[in-house]
$ cat run.cif   # mmCIF, N, CA and C atoms
data_input
loop_
_atom_site.label_atom_id
_atom_site.label_comp_id
_atom_site.auth_asym_id
_atom_site.auth_seq_id
_atom_site.Cartn_x
_atom_site.Cartn_y
_atom_site.Cartn_z
N MET A 1 15.39 28.14 30.14
CA MET A 1 15.53 26.97 29.31
C MET A 1 15.35 27.36 27.85
N PRO A 2 16.20 26.81 26.99
CA PRO A 2 16.05 27.12 25.57
C PRO A 2 14.85 26.39 24.98
N ILE A 3 14.28 27.00 23.96
CA ILE A 3 13.13 26.39 23.28
C ILE A 3 13.65 25.29 22.38
N ALA A 4 13.02 24.12 22.47
CA ALA A 4 13.44 22.97 21.66
C ALA A 4 13.05 23.20 20.20
N SER A 5 13.91 22.78 19.32
CA SER A 5 13.61 22.91 17.90
C SER A 5 12.59 21.86 17.50
N THR A 6 11.91 22.10 16.41
CA THR A 6 10.87 21.18 15.95
C THR A 6 11.40 20.27 14.85
N GLY A 7 12.70 20.15 14.74
CA GLY A 7 13.30 19.32 13.70
C GLY A 7 13.13 17.84 13.99
N VAL A 8 13.46 17.03 13.00
CA VAL A 8 13.41 15.58 13.15
C VAL A 8 14.52 15.17 14.09
N ARG A 9 14.19 14.36 15.05
CA ARG A 9 15.18 13.97 16.05
C ARG A 9 15.56 12.51 15.85
N GLY A 10 16.80 12.21 16.07
CA GLY A 10 17.29 10.84 16.00
C GLY A 10 18.35 10.64 17.05
N GLY A 11 18.08 9.81 18.02
CA GLY A 11 19.06 9.56 19.06
C GLY A 11 19.24 10.73 20.01
N GLY A 12 18.21 11.58 20.17
CA GLY A 12 18.28 12.68 21.10
C GLY A 12 18.88 13.95 20.53
N GLU A 13 19.24 13.98 19.27
CA GLU A 13 19.82 15.18 18.68
C GLU A 13 19.09 15.53 17.40
N CYS A 14 19.11 16.79 17.05
CA CYS A 14 18.44 17.23 15.83
C CYS A 14 19.24 16.78 14.61
N LEU A 15 18.52 16.36 13.59
CA LEU A 15 19.18 15.94 12.36
C LEU A 15 19.45 17.16 11.49
N GLY A 16 20.51 17.10 10.73
CA GLY A 16 20.83 18.19 9.82
C GLY A 16 19.99 18.12 8.56
N ILE A 17 20.20 19.08 7.69
CA ILE A 17 19.44 19.15 6.44
C ILE A 17 19.66 17.90 5.59
N LYS A 18 20.91 17.43 5.49
CA LYS A 18 21.20 16.24 4.69
C LYS A 18 20.46 15.02 5.24
N ALA A 19 20.43 14.86 6.55
CA ALA A 19 19.73 13.72 7.15
C ALA A 19 18.23 13.82 6.93
N LYS A 20 17.69 15.04 6.99
CA LYS A 20 16.26 15.22 6.73
C LYS A 20 15.92 14.89 5.28
N LEU A 21 16.80 15.30 4.36
CA LEU A 21 16.57 14.98 2.95
C LEU A 21 16.69 13.48 2.70
N ASP A 22 17.59 12.81 3.41
CA ASP A 22 17.71 11.35 3.29
C ASP A 22 16.43 10.67 3.77
N VAL A 23 15.90 11.15 4.89
CA VAL A 23 14.65 10.58 5.42
C VAL A 23 13.52 10.82 4.43
N LEU A 24 13.46 12.00 3.85
CA LEU A 24 12.42 12.32 2.87
C LEU A 24 12.56 11.44 1.63
N ALA A 25 13.79 11.22 1.16
CA ALA A 25 14.01 10.39 -0.02
C ALA A 25 13.58 8.95 0.24
N VAL A 26 13.93 8.42 1.40
CA VAL A 26 13.54 7.05 1.74
C VAL A 26 12.02 6.94 1.82
N THR A 27 11.38 7.94 2.40
CA THR A 27 9.92 7.94 2.50
C THR A 27 9.28 7.97 1.12
N LEU A 28 9.80 8.80 0.23
CA LEU A 28 9.24 8.88 -1.13
C LEU A 28 9.42 7.58 -1.89
N VAL A 29 10.60 6.97 -1.79
CA VAL A 29 10.85 5.71 -2.48
C VAL A 29 9.93 4.61 -1.93
N ALA A 30 9.77 4.56 -0.61
CA ALA A 30 8.89 3.56 0.00
C ALA A 30 7.44 3.76 -0.44
N THR A 31 7.01 5.01 -0.52
CA THR A 31 5.64 5.30 -0.94
C THR A 31 5.42 4.88 -2.39
N ILE A 32 6.36 5.20 -3.26
CA ILE A 32 6.23 4.83 -4.67
C ILE A 32 6.22 3.31 -4.83
N MET A 33 7.08 2.62 -4.08
CA MET A 33 7.10 1.16 -4.15
C MET A 33 5.79 0.56 -3.66
N MET A 34 5.21 1.12 -2.59
CA MET A 34 3.95 0.59 -2.08
C MET A 34 2.81 0.82 -3.08
N VAL A 35 2.81 1.95 -3.76
CA VAL A 35 1.79 2.20 -4.78
C VAL A 35 1.93 1.22 -5.94
N ILE A 36 3.14 1.00 -6.40
CA ILE A 36 3.37 0.06 -7.50
C ILE A 36 2.97 -1.35 -7.10
N LEU A 37 3.37 -1.78 -5.90
CA LEU A 37 2.99 -3.12 -5.44
C LEU A 37 1.48 -3.24 -5.25
N GLY A 38 0.84 -2.18 -4.80
CA GLY A 38 -0.62 -2.19 -4.67
C GLY A 38 -1.31 -2.34 -6.02
N LEU A 39 -0.78 -1.65 -7.03
CA LEU A 39 -1.35 -1.77 -8.38
C LEU A 39 -1.15 -3.16 -8.96
N ILE A 40 0.03 -3.72 -8.74
CA ILE A 40 0.28 -5.09 -9.22
C ILE A 40 -0.67 -6.07 -8.55
N TYR A 41 -0.83 -5.93 -7.24
CA TYR A 41 -1.75 -6.81 -6.51
C TYR A 41 -3.18 -6.62 -7.02
N PHE A 42 -3.58 -5.38 -7.28
CA PHE A 42 -4.92 -5.10 -7.78
C PHE A 42 -5.15 -5.78 -9.13
N PHE A 43 -4.19 -5.67 -10.05
CA PHE A 43 -4.36 -6.28 -11.36
C PHE A 43 -4.36 -7.81 -11.28
N LEU A 44 -3.55 -8.37 -10.39
CA LEU A 44 -3.59 -9.82 -10.20
C LEU A 44 -4.92 -10.26 -9.62
N THR A 45 -5.48 -9.47 -8.72
CA THR A 45 -6.79 -9.79 -8.16
C THR A 45 -7.87 -9.73 -9.22
N ILE A 46 -7.80 -8.74 -10.10
CA ILE A 46 -8.77 -8.66 -11.21
C ILE A 46 -8.66 -9.90 -12.09
N LEU A 47 -7.43 -10.33 -12.38
CA LEU A 47 -7.24 -11.53 -13.20
C LEU A 47 -7.83 -12.76 -12.52
N ILE A 48 -7.59 -12.90 -11.23
CA ILE A 48 -8.14 -14.06 -10.50
C ILE A 48 -9.66 -14.03 -10.49
N ILE A 49 -10.24 -12.86 -10.27
CA ILE A 49 -11.71 -12.75 -10.27
C ILE A 49 -12.27 -13.04 -11.65
N LYS A 50 -11.61 -12.56 -12.69
CA LYS A 50 -12.07 -12.81 -14.07
C LYS A 50 -12.03 -14.30 -14.40
N VAL A 51 -10.93 -14.97 -14.04
CA VAL A 51 -10.81 -16.41 -14.31
C VAL A 51 -11.85 -17.18 -13.50
N ALA A 52 -12.05 -16.80 -12.25
CA ALA A 52 -13.03 -17.50 -11.40
C ALA A 52 -14.44 -17.35 -11.95
N THR A 53 -14.80 -16.16 -12.42
CA THR A 53 -16.16 -15.99 -12.98
C THR A 53 -16.31 -16.73 -14.30
N ASP A 54 -15.24 -16.81 -15.08
CA ASP A 54 -15.32 -17.58 -16.33
C ASP A 54 -15.50 -19.07 -16.05
N VAL A 55 -14.85 -19.57 -15.00
CA VAL A 55 -14.94 -20.99 -14.67
C VAL A 55 -16.30 -21.31 -14.04
N LEU A 56 -16.74 -20.46 -13.10
CA LEU A 56 -17.97 -20.76 -12.36
C LEU A 56 -19.23 -20.42 -13.16
N PHE A 57 -19.20 -19.34 -13.92
CA PHE A 57 -20.38 -18.91 -14.67
C PHE A 57 -20.01 -18.90 -16.15
N ASP A 58 -20.27 -20.00 -16.83
CA ASP A 58 -19.81 -20.19 -18.21
C ASP A 58 -20.34 -19.14 -19.18
N ASP A 59 -21.64 -18.91 -19.16
CA ASP A 59 -22.25 -18.10 -20.21
C ASP A 59 -22.16 -16.59 -19.95
N THR A 60 -22.08 -16.20 -18.72
CA THR A 60 -22.09 -14.76 -18.42
C THR A 60 -20.68 -14.22 -18.32
N ALA A 61 -20.48 -13.08 -18.89
CA ALA A 61 -19.17 -12.42 -18.83
C ALA A 61 -19.17 -11.45 -17.66
N LEU A 62 -18.02 -11.28 -17.07
CA LEU A 62 -17.87 -10.35 -15.95
C LEU A 62 -17.83 -8.93 -16.50
N SER A 63 -18.70 -8.08 -15.98
CA SER A 63 -18.70 -6.68 -16.38
C SER A 63 -17.47 -5.99 -15.79
N ALA A 64 -16.91 -5.05 -16.52
CA ALA A 64 -15.68 -4.39 -16.09
C ALA A 64 -15.88 -3.63 -14.79
N ASP A 65 -17.03 -2.99 -14.63
CA ASP A 65 -17.25 -2.21 -13.41
C ASP A 65 -17.37 -3.11 -12.18
N TRP A 66 -18.07 -4.23 -12.31
CA TRP A 66 -18.19 -5.14 -11.16
C TRP A 66 -16.87 -5.85 -10.87
N GLY A 67 -16.10 -6.14 -11.89
CA GLY A 67 -14.79 -6.74 -11.66
C GLY A 67 -13.85 -5.79 -10.94
N ALA A 68 -13.88 -4.51 -11.34
CA ALA A 68 -13.03 -3.52 -10.69
C ALA A 68 -13.45 -3.29 -9.24
N ILE A 69 -14.75 -3.24 -8.99
CA ILE A 69 -15.23 -3.04 -7.61
C ILE A 69 -14.85 -4.22 -6.73
N SER A 70 -15.05 -5.43 -7.23
CA SER A 70 -14.72 -6.59 -6.41
C SER A 70 -13.22 -6.70 -6.16
N ALA A 71 -12.40 -6.40 -7.16
CA ALA A 71 -10.95 -6.43 -6.98
C ALA A 71 -10.50 -5.34 -6.01
N ALA A 72 -11.13 -4.16 -6.09
CA ALA A 72 -10.78 -3.08 -5.18
C ALA A 72 -11.13 -3.44 -3.74
N LEU A 73 -12.27 -4.08 -3.54
CA LEU A 73 -12.67 -4.48 -2.19
C LEU A 73 -11.73 -5.54 -1.62
N VAL A 74 -11.37 -6.51 -2.44
CA VAL A 74 -10.45 -7.56 -1.97
C VAL A 74 -9.08 -6.96 -1.67
N THR A 75 -8.59 -6.09 -2.55
CA THR A 75 -7.28 -5.47 -2.34
C THR A 75 -7.28 -4.60 -1.09
N ALA A 76 -8.32 -3.81 -0.89
CA ALA A 76 -8.41 -2.95 0.29
C ALA A 76 -8.48 -3.80 1.56
N ALA A 77 -9.24 -4.87 1.53
CA ALA A 77 -9.36 -5.73 2.72
C ALA A 77 -8.02 -6.37 3.07
N VAL A 78 -7.28 -6.82 2.07
CA VAL A 78 -5.99 -7.44 2.34
C VAL A 78 -4.99 -6.41 2.87
N MET A 79 -4.97 -5.22 2.30
CA MET A 79 -4.03 -4.19 2.76
C MET A 79 -4.37 -3.71 4.17
N ILE A 80 -5.64 -3.56 4.46
CA ILE A 80 -6.04 -3.13 5.81
C ILE A 80 -5.74 -4.22 6.82
N SER A 81 -6.03 -5.46 6.49
CA SER A 81 -5.75 -6.54 7.43
C SER A 81 -4.25 -6.72 7.64
N GLY A 82 -3.47 -6.47 6.60
CA GLY A 82 -2.01 -6.55 6.75
C GLY A 82 -1.49 -5.42 7.63
N ALA A 83 -2.09 -4.26 7.55
CA ALA A 83 -1.65 -3.13 8.37
C ALA A 83 -2.08 -3.31 9.83
N LEU A 84 -3.20 -3.97 10.05
CA LEU A 84 -3.70 -4.15 11.42
C LEU A 84 -3.19 -5.40 12.10
N GLU A 85 -2.48 -6.23 11.34
CA GLU A 85 -1.96 -7.48 11.90
C GLU A 85 -0.99 -7.20 13.05
N LYS A 86 -1.13 -7.97 14.13
CA LYS A 86 -0.22 -7.79 15.27
C LYS A 86 1.16 -8.29 14.90
N LYS A 87 2.15 -7.50 15.23
CA LYS A 87 3.52 -7.88 14.97
C LYS A 87 4.01 -8.76 16.11
N LYS A 88 4.67 -9.87 15.76
CA LYS A 88 5.23 -10.76 16.76
C LYS A 88 6.62 -10.25 17.15
N ASP A 89 6.88 -10.22 18.43
CA ASP A 89 8.20 -9.72 18.90
C ASP A 89 9.25 -10.77 18.81
#

$ encode --input "run.cif" --output "structure tokens"
Amino acid sequence: MPIASTGVRGGGECLGIKAKLDVLAVTLVATIMMVILGLIYFFLTILIIKVATDVLFDDTALSADWGAISAALVTAAVMISGALEKKKD
């Protein structure tokens, strides 16, 4: 029996170099888009937390470090819960 190649398989056959590069390009674009969307969500969360602390606590200002930590925790929780959500068939 011949030794199976370790290439990317699609439909039972090995993909060529062009197909592998296409898969790599799509993966890179998806990764960059997810990072950008994560940053946008993070900054929106910081804005929401800042506005909420200004409304609820009039005299005290939100410290930058505590605002960043709280926004990071909220963003991480939403992304993890979105990844763990059961997909409906």

$ atom_distance --input "run.cif" --atom1 "atom CA of Ile49 of chain A" --atom2 "atom CA of Ile36 of chain A"
20.0 Å

$ select_by_dssp --input "run.cif" --residues "segment 2-87 of chain A" --states "helix (DSSP H, G or I)" --output "count of residues only"
61

$ atom_distance --input "run.cif" --atom1 "atom N of Ala25 of chain A" --atom2 "atom N of Leu44 of chain A"
28.6 Å

$ resolve_selection --input "run.cif" --expression "the PyMOL selection byres (((chain A and resi 50 and name CA) around 12) and name CA)" --output "VMD selection string"
chain A and resid 43 to 49 51 to 58 60 to 68 70 to 71

$ axis_aligned_box --input "run.cif" --around "segment 62-68 of chain A" --padding-each-side "6 Å" --output "AutoDock Vina command-line options"
--center_x -15.9 --center_y -6.7 --center_z -13.2 --size_x 17.7 --size_y 21.1 --size_z 19.8

$ atom_distance --input "run.cif" --atom1 "atom C of Met33 of chain A" --atom2 "atom N of Thr75 of chain A"
15.9 Å
